[in-house]
Structures are given as structure tokens and as C-alpha cells.
file my_file_34.pdb (PDB, C-alpha atoms, pLDDT in the B column)
ATOM      1  CA  GLU T   1       0.000   0.000   0.000  1.00 91.00           C
ATOM      2  CA  PRO T   2       1.608   3.308  -1.053  1.00 93.00           C
ATOM      3  CA  ARG T   3       1.820   6.123   1.525  1.00 95.00           C
ATOM      4  CA  PHE T   4       3.176   9.575   0.895  1.00 96.00           C
ATOM      5  CA  LEU T   5       5.863  11.356   2.879  1.00 97.00           C
ATOM      6  CA  LEU T   6       6.313  14.989   3.820  1.00 98.00           C
ATOM      7  CA  THR T   7       9.376  17.202   3.576  1.00 97.00           C
ATOM      8  CA  ALA T   8       9.828  19.886   6.214  1.00 97.00           C
ATOM      9  CA  ASP T   9      12.206  22.731   5.377  1.00 97.00           C
ATOM     10  CA  LEU T  10      13.259  24.904   8.316  1.00 97.00           C
ATOM     11  CA  MET T  11      14.252  28.329   7.063  1.00 96.00           C
ATOM     12  CA  ASP T  12      15.846  31.495   8.359  1.00 94.00           C
ATOM     13  CA  LYS T  13      14.858  34.720   6.614  1.00 87.00           C
ATOM     14  CA  THR T  14      16.061  33.528   3.193  1.00 87.00           C
ATOM     15  CA  ASN T  15      17.698  30.077   3.285  1.00 94.00           C
ATOM     16  CA  ILE T  16      16.855  26.488   4.135  1.00 96.00           C
ATOM     17  CA  ILE T  17      18.882  25.604   7.224  1.00 96.00           C
ATOM     18  CA  HIS T  18      17.590  22.062   7.773  1.00 96.00           C
ATOM     19  CA  THR T  19      15.429  19.564   5.861  1.00 96.00           C
ATOM     20  CA  THR T  20      13.761  16.518   7.359  1.00 95.00           C
ATOM     21  CA  THR T  21      11.153  13.891   6.426  1.00 96.00           C
ATOM     22  CA  ALA T  22       7.905  12.703   8.031  1.00 97.00           C
ATOM     23  CA  LEU T  23       5.549   9.795   7.417  1.00 97.00           C
ATOM     24  CA  ASN T  24       3.011  10.719  10.107  1.00 97.00           C
ATOM     25  CA  GLU T  25       3.241  14.399  11.002  1.00 98.00           C
ATOM     26  CA  VAL T  26       5.261  17.575  11.212  1.00 98.00           C
ATOM     27  CA  VAL T  27       4.720  19.436  14.490  1.00 98.00           C
ATOM     28  CA  LEU T  28       5.428  23.060  15.321  1.00 97.00           C
ATOM     29  CA  MET T  29       5.789  23.212  19.117  1.00 96.00           C
ATOM     30  CA  PRO T  30       6.954  25.583  21.854  1.00 92.00           C
ATOM     31  CA  GLY T  31      10.688  25.979  22.362  1.00 85.00           C
ATOM     32  CA  ALA T  32      12.519  26.268  25.665  1.00 79.00           C
ATOM     33  CA  ILE T  33       9.765  28.381  27.237  1.00 80.00           C
ATOM     34  CA  PRO T  34       6.219  26.973  27.237  1.00 82.00           C
ATOM     35  CA  HIS T  35       4.507  29.987  25.645  1.00 86.00           C
ATOM     36  CA  MET T  36       2.046  30.305  22.821  1.00 91.00           C
ATOM     37  CA  ILE T  37       3.473  30.662  19.343  1.00 94.00           C
ATOM     38  CA  GLU T  38       2.138  33.389  17.079  1.00 94.00           C
ATOM     39  CA  PHE T  39       2.371  32.442  13.419  1.00 96.00           C
ATOM     40  CA  GLU T  40       0.850  32.959   9.997  1.00 97.00           C
ATOM     41  CA  THR T  41      -0.277  30.078   7.827  1.00 98.00           C
ATOM     42  CA  HIS T  42       0.051  30.277   4.041  1.00 98.00           C
ATOM     43  CA  ILE T  43      -1.113  27.556   1.635  1.00 98.00           C
ATOM     44  CA  ASN T  44       0.321  27.602  -1.872  1.00 98.00           C
ATOM     45  CA  GLY T  45       1.502  31.162  -1.257  1.00 97.00           C
ATOM     46  CA  LYS T  46      -1.921  32.418  -0.162  1.00 98.00           C
ATOM     47  CA  PHE T  47      -2.474  33.812   3.327  1.00 98.00           C
ATOM     48  CA  VAL T  48      -4.894  31.627   5.343  1.00 97.00           C
ATOM     49  CA  ASN T  49      -4.774  33.001   8.872  1.00 96.00           C
ATOM     50  CA  LYS T  50      -2.746  34.318  11.759  1.00 95.00           C
ATOM     51  CA  GLN T  51      -3.111  32.466  15.017  1.00 95.00           C
ATOM     52  CA  ARG T  52      -1.751  31.996  18.484  1.00 94.00           C
ATOM     53  CA  ALA T  53      -1.537  28.443  19.740  1.00 95.00           C
ATOM     54  CA  ASP T  54       0.793  26.032  21.487  1.00 95.00           C
ATOM     55  CA  GLY T  55       1.608  24.768  18.020  1.00 95.00           C
ATOM     56  CA  LEU T  56       0.273  23.102  14.904  1.00 98.00           C
ATOM     57  CA  ILE T  57       0.205  19.479  13.766  1.00 98.00           C
ATOM     58  CA  ILE T  58       0.329  18.856  10.006  1.00 98.00           C
ATOM     59  CA  ALA T  59      -0.545  15.191   9.473  1.00 98.00           C
ATOM     60  CA  THR T  60      -0.751  12.797   6.551  1.00 98.00           C
ATOM     61  CA  PRO T  61      -3.554  10.223   6.362  1.00 98.00           C
ATOM     62  CA  THR T  62      -1.100   7.759   7.955  1.00 96.00           C
ATOM     63  CA  GLY T  63      -0.522  10.149  10.855  1.00 96.00           C
ATOM     64  CA  SER T  64      -4.155  11.174  11.219  1.00 97.00           C
ATOM     65  CA  THR T  65      -4.713   8.308  13.683  1.00 95.00           C
ATOM     66  CA  ALA T  66      -1.692   9.274  15.799  1.00 93.00           C
ATOM     67  CA  TYR T  67      -0.817  12.617  17.424  1.00 95.00           C
ATOM     68  CA  ALA T  68      -3.281  14.582  15.257  1.00 97.00           C
ATOM     69  CA  LEU T  69      -6.172  12.394  16.452  1.00 96.00           C
ATOM     70  CA  SER T  70      -5.292  13.005  20.096  1.00 94.00           C
ATOM     71  CA  GLY T  71      -5.335  16.736  19.312  1.00 94.00           C
ATOM     72  CA  GLY T  72      -8.919  16.539  18.023  1.00 95.00           C
ATOM     73  CA  GLY T  73      -8.209  16.042  14.321  1.00 97.00           C
ATOM     74  CA  PRO T  74     -10.239  13.830  11.967  1.00 97.00           C
ATOM     75  CA  ILE T  75      -9.310  10.358  10.775  1.00 97.00           C
ATOM     76  CA  LEU T  76      -8.278  10.396   7.107  1.00 98.00           C
ATOM     77  CA  HIS T  77      -8.510   7.173   5.111  1.00 97.00           C
ATOM     78  CA  PRO T  78      -4.990   6.194   3.916  1.00 95.00           C
ATOM     79  CA  SER T  79      -6.039   6.326   0.246  1.00 95.00           C
ATOM     80  CA  LEU T  80      -6.871  10.045   0.467  1.00 97.00           C
ATOM     81  CA  ASP T  81      -4.518  12.596  -1.042  1.00 97.00           C
ATOM     82  CA  ALA T  82      -5.012  15.041   1.819  1.00 98.00           C
ATOM     83  CA  LEU T  83      -3.374  16.667   4.818  1.00 98.00           C
ATOM     84  CA  VAL T  84      -4.912  17.809   8.063  1.00 98.00           C
ATOM     85  CA  MET T  85      -3.777  20.859  10.030  1.00 98.00           C
ATOM     86  CA  VAL T  86      -4.650  20.591  13.726  1.00 98.00           C
ATOM     87  CA  PRO T  87      -4.046  23.603  16.003  1.00 97.00           C
ATOM     88  CA  MET T  88      -2.699  22.674  19.438  1.00 95.00           C
ATOM     89  CA  PHE T  89      -4.514  24.505  22.254  1.00 92.00           C
ATOM     90  CA  PRO T  90      -5.394  27.555  20.129  1.00 91.00           C
ATOM     91  CA  HIS T  91      -6.095  30.919  21.748  1.00 90.00           C
ATOM     92  CA  LYS T  92      -9.352  31.340  19.791  1.00 89.00           C
ATOM     93  CA  LEU T  93     -12.197  28.835  19.792  1.00 85.00           C
ATOM     94  CA  SER T  94     -12.631  29.489  16.058  1.00 86.00           C
ATOM     95  CA  SER T  95      -9.294  27.773  15.314  1.00 90.00           C
ATOM     96  CA  ARG T  96     -10.312  24.342  14.066  1.00 95.00           C
ATOM     97  CA  PRO T  97      -8.702  21.439  12.208  1.00 97.00           C
ATOM     98  CA  VAL T  98      -8.665  21.933   8.442  1.00 97.00           C
ATOM     99  CA  VAL T  99      -8.294  19.263   5.754  1.00 98.00           C
ATOM    100  CA  ILE T 100      -6.476  20.368   2.609  1.00 98.00           C
ATOM    101  CA  LYS T 101      -5.243  18.859  -0.645  1.00 98.00           C
ATOM    102  CA  GLY T 102      -2.184  16.633  -0.249  1.00 97.00           C
ATOM    103  CA  ASP T 103      -0.211  18.503  -2.913  1.00 97.00           C
ATOM    104  CA  SER T 104      -0.482  21.767  -0.987  1.00 98.00           C
ATOM    105  CA  GLU T 105       2.606  23.598   0.163  1.00 98.00           C
ATOM    106  CA  ILE T 106       2.156  24.920   3.704  1.00 98.00           C
ATOM    107  CA  THR T 107       4.332  27.736   5.014  1.00 98.00           C
ATOM    108  CA  LEU T 108       4.268  28.787   8.658  1.00 98.00           C
ATOM    109  CA  ILE T 109       5.856  32.169   9.360  1.00 97.00           C
ATOM    110  CA  ILE T 110       6.757  32.778  12.981  1.00 95.00           C
ATOM    111  CA  SER T 111       5.871  36.208  14.350  1.00 94.00           C
ATOM    112  CA  PRO T 112       8.628  38.314  15.913  1.00 89.00           C
ATOM    113  CA  LYS T 113       6.263  38.592  18.919  1.00 87.00           C
ATOM    114  CA  THR T 114       6.916  34.927  19.772  1.00 86.00           C
ATOM    115  CA  GLU T 115       8.974  35.011  22.981  1.00 82.00           C
ATOM    116  CA  SER T 116      11.014  31.845  22.488  1.00 86.00           C
ATOM    117  CA  PRO T 117      11.957  30.286  19.130  1.00 90.00           C
ATOM    118  CA  PRO T 118       9.673  27.291  18.517  1.00 95.00           C
ATOM    119  CA  LYS T 119      10.838  23.795  17.665  1.00 96.00           C
ATOM    120  CA  VAL T 120       9.868  21.414  14.877  1.00 97.00           C
ATOM    121  CA  SER T 121       9.541  17.659  15.231  1.00 96.00           C
ATOM    122  CA  CYS T 122       8.800  15.070  12.553  1.00 96.00           C
ATOM    123  CA  ASP T 123       7.210  11.791  13.654  1.00 97.00           C
ATOM    124  CA  GLY T 124       8.128  12.518  17.284  1.00 92.00           C
ATOM    125  CA  GLN T 125      11.848  12.443  16.517  1.00 93.00           C
ATOM    126  CA  GLU T 126      14.466  15.148  16.999  1.00 88.00           C
ATOM    127  CA  ARG T 127      13.279  18.616  17.989  1.00 94.00           C
ATOM    128  CA  ILE T 128      14.951  21.240  15.842  1.00 94.00           C
ATOM    129  CA  THR T 129      14.843  24.901  16.867  1.00 94.00           C
ATOM    130  CA  LEU T 130      13.589  27.330  14.251  1.00 94.00           C
ATOM    131  CA  PRO T 131      15.778  30.430  13.993  1.00 88.00           C
ATOM    132  CA  GLU T 132      14.394  33.704  15.272  1.00 83.00           C
ATOM    133  CA  HIS T 133      11.974  35.150  12.666  1.00 84.00           C
ATOM    134  CA  GLY T 134      12.176  31.814  10.839  1.00 92.00           C
ATOM    135  CA  SER T 135       9.626  29.854   8.879  1.00 96.00           C
ATOM    136  CA  LEU T 136       8.665  26.265   8.194  1.00 97.00           C
ATOM    137  CA  ARG T 137       7.705  24.947   4.762  1.00 98.00           C
ATOM    138  CA  ILE T 138       5.937  21.576   4.443  1.00 98.00           C
ATOM    139  CA  SER T 139       5.280  19.774   1.164  1.00 98.00           C
ATOM    140  CA  LYS T 140       4.680  16.287  -0.182  1.00 97.00           C
ATOM    141  CA  GLN T 141       7.694  14.325  -1.390  1.00 96.00           C
ATOM    142  CA  ASN T 142       7.719  12.709  -4.821  1.00 92.00           C
ATOM    143  CA  ASN T 143       8.954   9.435  -3.319  1.00 91.00           C
ATOM    144  CA  LYS T 144       6.393   7.172  -1.655  1.00 93.00           C
ATOM    145  CA  LEU T 145       6.720   4.604   1.063  1.00 94.00           C
ATOM    146  CA  ARG T 146       5.274   1.164   0.402  1.00 95.00           C
ATOM    147  CA  LEU T 147       3.693  -0.594   3.392  1.00 92.00           C
ATOM    148  CA  LEU T 148       3.275  -4.332   3.316  1.00 94.00           C
ATOM    149  CA  HIS T 149       0.209  -5.797   5.007  1.00 91.00           C
ATOM    150  CA  PRO T 150      -0.826  -9.393   5.679  1.00 92.00           C
ATOM    151  CA  ALA T 151      -3.190 -10.832   3.055  1.00 92.00           C
ATOM    152  CA  ASN T 152      -6.197 -10.500   5.401  1.00 93.00           C
ATOM    153  CA  TYR T 153      -5.458  -6.857   6.408  1.00 93.00           C
ATOM    154  CA  ASP T 154      -8.570  -4.726   7.023  1.00 93.00           C
ATOM    155  CA  TYR T 155      -8.060  -1.015   7.699  1.00 94.00           C
ATOM    156  CA  PHE T 156     -11.392  -0.662   9.498  1.00 94.00           C
ATOM    157  CA  GLU T 157     -10.661  -3.661  11.714  1.00 92.00           C
ATOM    158  CA  THR T 158      -7.415  -1.945  12.699  1.00 91.00           C
ATOM    159  CA  LEU T 159      -9.385   1.208  13.578  1.00 93.00           C
ATOM    160  CA  ARG T 160     -11.926  -0.797  15.586  1.00 93.00           C
ATOM    161  CA  ASN T 161      -9.140  -2.419  17.593  1.00 91.00           C
ATOM    162  CA  LYS T 162      -7.083   0.749  18.047  1.00 88.00           C
ATOM    163  CA  LEU T 163     -10.019   2.943  19.032  1.00 91.00           C
ATOM    164  CA  GLY T 164     -12.098   0.408  20.937  1.00 90.00           C
ATOM    165  CA  TRP T 165     -15.059   0.611  18.570  1.00 90.00           C
ATOM    166  CA  GLU T 166     -17.811  -1.950  18.998  1.00 83.00           C
ATOM    167  CA  GLU T 167     -18.050  -4.981  16.737  1.00 77.00           C
ATOM    168  CA  SER T 168     -21.133  -5.413  14.574  1.00 76.00           C
ATOM    169  CA  LYS T 169     -24.046  -7.176  16.313  1.00 76.00           C
ATOM    170  CA  VAL T 170     -25.877  -7.820  13.035  1.00 73.00           C
TER     171      VAL T 170
END
call {"tool": "encode", "arguments": {"input": "my_file_34.pdb", "output": "C-alpha cells"}}
result
Amino acid sequence: EPRFLLTADLMDKTNIIHTTTALNEVVLMPGAIPHMIEFETHINGKFVNKQRADGLIIATPTGSTAYALSGGGPILHPSLDALVMVPMFPHKLSSRPVVIKGDSEITLIISPKTESPPKVSCDGQERITLPEHGSLRISKQNNKLRLLHPANYDYFETLRNKLGWEESKV
């Protein structure tokens, strides 16, 4: 079963300073000081919003049942070409998870008002500090990962087991 991967480019004002890969999610999170992060979100170069939150989870369908789900995001079927953006403890109640096209390029621009430079983590691995006044660019990679499943694999059975859903009584 093919699954797509994400590339996360951490940037200073003009250059890429670090590039990393994610199968599940890219997370913008607080740095050394646990304060809200103020940032702008742009999709395909178009301004979406400015928000204050503890961070943002950008998840693939594979990652939609992991950290993004615990943050209140939706479950995306693995065959979907989509991403979900889940705000972490947003300051405004109107900040909600958003599902977007998988080929979208997401850019998060950190506000100079943010007290401590935030960090970025991919799939819960290393936490890399964004430079002051930096940005984060997330896009789909051309390469795909191929998952191998047993012959009797059933995605919905996996969800039922993982989430404790009831079996059919019919």
C-alpha cells in the first residue's frame, strides 16, 4: 500500500537551514519556554490566517490516527490525497482542524512577537529549533513509502481495535 511522505524545510529569513522527512506528522511546538506561538499560515503562497496556539500538527492520512487524532483532528482514510492541520490549544475557539489537498505547500511564518523560538519535530523524533523570525515549509515528497500488510489486512478492523469501537451485532 503506497503512503506519501512529507518534507519539512526549516528556514531562516532567506535560506533552508535544515530539511527533514515525516511519514506521520510535522509538528510546530513551543521551544525552551512553554509559551504560545504566534504564526501565519500560508497555503500555496496564499495567506490563510494568523493564530496563536501552542503549536500546529500537520498530518498525513497515515498520521491522522496518531498525534493529530489526540489533538482533536479527523481520521483520514490512507487512500486520500489530503493533509490535516490541527491547532494545538489555540487561543481562539474558532481555530479548528482543516483538511487540505495533499499537494499543498504549507508555510508557517513565525511572528517576531513569539517570545522563544519554537521547535519542529517530525514523527516525534528530533526537535529542531527554528531560527528567530524563521519559517517552516511543508510539502509532499515525490517518493512514496510502500507498506506491506498481511493478506487479510482490514483497515477498518485496525481502527476498531485501536479505538475500541464496537463490533457489529448484526
call {"tool": "residues_around", "arguments": {"input": "my_file_34.pdb", "residues": "Leu108 of chain T", "least_positions_apart": "4", "cutoff": "12 Å", "atoms": "all atoms listed in the file", "output": "VMD selection string"}}
result
chain T and resid 8 to 12 26 to 29 37 to 52 55 to 58 85 118 120 130 133 to 139
call {"tool": "write_last_selection", "arguments": {"input": "my_file_34.pdb", "atoms": "C-alpha atoms", "output": "CSV table (one decimal), in the coordinates of the input"}}
result
chain,number,residue,atom,x,y,z
T,8,ALA,CA,9.8,19.9,6.2
T,9,ASP,CA,12.2,22.7,5.4
T,10,LEU,CA,13.3,24.9,8.3
T,11,MET,CA,14.3,28.3,7.1
T,12,ASP,CA,15.8,31.5,8.4
T,26,VAL,CA,5.3,17.6,11.2
T,27,VAL,CA,4.7,19.4,14.5
T,28,LEU,CA,5.4,23.1,15.3
T,29,MET,CA,5.8,23.2,19.1
T,37,ILE,CA,3.5,30.7,19.3
T,38,GLU,CA,2.1,33.4,17.1
T,39,PHE,CA,2.4,32.4,13.4
T,40,GLU,CA,0.8,33.0,10.0
T,41,THR,CA,-0.3,30.1,7.8
T,42,HIS,CA,0.1,30.3,4.0
T,43,ILE,CA,-1.1,27.6,1.6
T,44,ASN,CA,0.3,27.6,-1.9
T,45,GLY,CA,1.5,31.2,-1.3
T,46,LYS,CA,-1.9,32.4,-0.2
T,47,PHE,CA,-2.5,33.8,3.3
T,48,VAL,CA,-4.9,31.6,5.3
T,49,ASN,CA,-4.8,33.0,8.9
T,50,LYS,CA,-2.7,34.3,11.8
T,51,GLN,CA,-3.1,32.5,15.0
T,52,ARG,CA,-1.8,32.0,18.5
T,55,GLY,CA,1.6,24.8,18.0
T,56,LEU,CA,0.3,23.1,14.9
T,57,ILE,CA,0.2,19.5,13.8
T,58,ILE,CA,0.3,18.9,10.0
T,85,MET,CA,-3.8,20.9,10.0
T,118,PRO,CA,9.7,27.3,18.5
T,120,VAL,CA,9.9,21.4,14.9
T,130,LEU,CA,13.6,27.3,14.3
T,133,HIS,CA,12.0,35.2,12.7
T,134,GLY,CA,12.2,31.8,10.8
T,135,SER,CA,9.6,29.9,8.9
T,136,LEU,CA,8.7,26.3,8.2
T,137,ARG,CA,7.7,24.9,4.8
T,138,ILE,CA,5.9,21.6,4.4
T,139,SER,CA,5.3,19.8,1.2
call {"tool": "closest_residue", "arguments": {"input": "my_file_34.pdb", "among": "T:Glu105, T:Asn142, T:Tyr155, T:Ser168", "to": "His77 of chain T", "atoms": "all atoms listed in the file"}}
result
T:Tyr155
call {"tool": "atom_distance", "arguments": {"input": "my_file_34.pdb", "atom1": "atom CA of Pro2 of chain T", "atom2": "atom CA of Leu148 of chain T"}}
result
9.0 Å
call {"tool": "atom_distance", "arguments": {"input": "my_file_34.pdb", "atom1": "atom CA of Pro34 of chain T", "atom2": "atom CA of Pro74 of chain T"}}
result
26.0 Å
call {"tool": "residues_near_point", "arguments": {"input": "my_file_34.pdb", "point": "(6.9, 14.3, 7.8)", "cutoff": "6 Å", "atoms": "only C-alpha atoms", "output": "number ranges by chain"}}
result
T: 5-7, 21-26, 122
call {"tool": "atom_distance", "arguments": {"input": "my_file_34.pdb", "atom1": "atom CA of Ala151 of chain T", "atom2": "atom CA of Ala68 of chain T"}}
result
28.2 Å
call {"tool": "decode", "arguments": {"input": "my_file_34.pdb", "residues": "segment 78-113 of chain T", "atoms": "N, CA and C atoms", "output": "mmCIF file, in the first residue's frame"}}
result
data_model
loop_
_atom_site.group_PDB
_atom_site.id
_atom_site.type_symbol
_atom_site.label_atom_id
_atom_site.label_comp_id
_atom_site.auth_asym_id
_atom_site.auth_seq_id
_atom_site.Cartn_x
_atom_site.Cartn_y
_atom_site.Cartn_z
ATOM 1 N N PRO T 78 -6.337 6.163 4.502
ATOM 2 C CA PRO T 78 -4.990 6.194 3.916
ATOM 3 C C PRO T 78 -4.951 6.401 2.403
ATOM 4 N N SER T 79 -6.044 6.141 1.703
ATOM 5 C CA SER T 79 -6.039 6.326 0.246
ATOM 6 C C SER T 79 -6.261 7.784 -0.159
ATOM 7 N N LEU T 80 -6.614 8.644 0.791
ATOM 8 C CA LEU T 80 -6.871 10.045 0.467
ATOM 9 C C LEU T 80 -5.578 10.799 0.189
ATOM 10 N N ASP T 81 -5.630 11.699 -0.764
ATOM 11 C CA ASP T 81 -4.518 12.596 -1.042
ATOM 12 C C ASP T 81 -4.842 13.903 -0.329
ATOM 13 N N ALA T 82 -4.619 13.898 1.000
ATOM 14 C CA ALA T 82 -5.012 15.041 1.819
ATOM 15 C C ALA T 82 -4.074 15.176 3.010
ATOM 16 N N LEU T 83 -4.086 16.367 3.583
ATOM 17 C CA LEU T 83 -3.374 16.667 4.818
ATOM 18 C C LEU T 83 -4.363 17.282 5.789
ATOM 19 N N VAL T 84 -4.088 17.141 7.071
ATOM 20 C CA VAL T 84 -4.912 17.809 8.063
ATOM 21 C C VAL T 84 -4.008 18.707 8.904
ATOM 22 N N MET T 85 -4.485 19.915 9.167
ATOM 23 C CA MET T 85 -3.777 20.859 10.030
ATOM 24 C C MET T 85 -4.584 20.981 11.315
ATOM 25 N N VAL T 86 -3.963 20.605 12.438
ATOM 26 C CA VAL T 86 -4.650 20.591 13.726
ATOM 27 C C VAL T 86 -3.962 21.572 14.677
ATOM 28 N N PRO T 87 -4.637 22.679 15.029
ATOM 29 C CA PRO T 87 -4.046 23.603 16.003
ATOM 30 C C PRO T 87 -3.971 22.943 17.385
ATOM 31 N N MET T 88 -2.881 23.213 18.098
ATOM 32 C CA MET T 88 -2.699 22.674 19.438
ATOM 33 C C MET T 88 -3.039 23.762 20.455
ATOM 34 N N PHE T 89 -4.081 23.550 21.229
ATOM 35 C CA PHE T 89 -4.514 24.505 22.254
ATOM 36 C C PHE T 89 -4.532 25.939 21.734
ATOM 37 N N PRO T 90 -5.364 26.205 20.703
ATOM 38 C CA PRO T 90 -5.394 27.555 20.129
ATOM 39 C C PRO T 90 -6.003 28.572 21.082
ATOM 40 N N HIS T 91 -5.597 29.826 20.910
ATOM 41 C CA HIS T 91 -6.095 30.919 21.748
ATOM 42 C C HIS T 91 -7.552 31.239 21.445
ATOM 43 N N LYS T 92 -7.969 31.044 20.191
ATOM 44 C CA LYS T 92 -9.352 31.340 19.791
ATOM 45 C C LYS T 92 -10.116 30.045 19.559
ATOM 46 N N LEU T 93 -11.356 30.014 19.991
ATOM 47 C CA LEU T 93 -12.197 28.835 19.792
ATOM 48 C C LEU T 93 -12.514 28.603 18.318
ATOM 49 N N SER T 94 -12.344 29.632 17.488
ATOM 50 C CA SER T 94 -12.631 29.489 16.058
ATOM 51 C C SER T 94 -11.512 28.769 15.308
ATOM 52 N N SER T 95 -10.379 28.535 15.960
ATOM 53 C CA SER T 95 -9.294 27.773 15.314
ATOM 54 C C SER T 95 -9.658 26.301 15.347
ATOM 55 N N ARG T 96 -9.844 25.721 14.195
ATOM 56 C CA ARG T 96 -10.312 24.342 14.066
ATOM 57 C C ARG T 96 -9.428 23.575 13.100
ATOM 58 N N PRO T 97 -9.442 22.235 13.188
ATOM 59 C CA PRO T 97 -8.702 21.439 12.208
ATOM 60 C C PRO T 97 -9.224 21.696 10.795
ATOM 61 N N VAL T 98 -8.311 21.694 9.845
ATOM 62 C CA VAL T 98 -8.665 21.933 8.442
ATOM 63 C C VAL T 98 -8.023 20.836 7.599
ATOM 64 N N VAL T 99 -8.802 20.266 6.683
ATOM 65 C CA VAL T 99 -8.294 19.263 5.754
ATOM 66 C C VAL T 99 -8.047 19.959 4.427
ATOM 67 N N ILE T 100 -6.840 19.735 3.873
ATOM 68 C CA ILE T 100 -6.476 20.368 2.609
ATOM 69 C C ILE T 100 -5.920 19.325 1.648
ATOM 70 N N LYS T 101 -5.778 19.719 0.403
ATOM 71 C CA LYS T 101 -5.243 18.859 -0.645
ATOM 72 C C LYS T 101 -3.814 18.426 -0.311
ATOM 73 N N GLY T 102 -3.494 17.177 -0.577
ATOM 74 C CA GLY T 102 -2.184 16.633 -0.249
ATOM 75 C C GLY T 102 -1.025 17.289 -0.970
ATOM 76 N N ASP T 103 -1.270 17.855 -2.147
ATOM 77 C CA ASP T 103 -0.211 18.503 -2.913
ATOM 78 C C ASP T 103 0.043 19.946 -2.484
ATOM 79 N N SER T 104 -0.639 20.386 -1.441
ATOM 80 C CA SER T 104 -0.482 21.767 -0.987
ATOM 81 C C SER T 104 0.888 21.987 -0.356
ATOM 82 N N GLU T 105 1.401 23.189 -0.537
ATOM 83 C CA GLU T 105 2.606 23.598 0.163
ATOM 84 C C GLU T 105 2.183 24.525 1.296
ATOM 85 N N ILE T 106 2.534 24.155 2.515
ATOM 86 C CA ILE T 106 2.156 24.920 3.704
ATOM 87 C C ILE T 106 3.392 25.662 4.194
ATOM 88 N N THR T 107 3.249 26.951 4.430
ATOM 89 C CA THR T 107 4.332 27.736 5.014
ATOM 90 C C THR T 107 3.818 28.376 6.298
ATOM 91 N N LEU T 108 4.571 28.172 7.367
ATOM 92 C CA LEU T 108 4.268 28.787 8.658
ATOM 93 C C LEU T 108 5.349 29.824 8.936
ATOM 94 N N ILE T 109 4.923 31.073 9.108
ATOM 95 C CA ILE T 109 5.856 32.169 9.360
ATOM 96 C C ILE T 109 5.696 32.590 10.814
ATOM 97 N N ILE T 110 6.785 32.488 11.554
ATOM 98 C CA ILE T 110 6.757 32.778 12.981
ATOM 99 C C ILE T 110 6.822 34.288 13.196
ATOM 100 N N SER T 111 5.920 34.782 14.050
ATOM 101 C CA SER T 111 5.871 36.208 14.350
ATOM 102 C C SER T 111 7.050 36.605 15.234
ATOM 103 N N PRO T 112 7.575 37.817 15.026
ATOM 104 C CA PRO T 112 8.628 38.314 15.913
ATOM 105 C C PRO T 112 8.148 38.467 17.360
ATOM 106 N N LYS T 113 6.820 38.477 17.565
ATOM 107 C CA LYS T 113 6.263 38.592 18.919
ATOM 108 C C LYS T 113 6.428 37.303 19.732
#
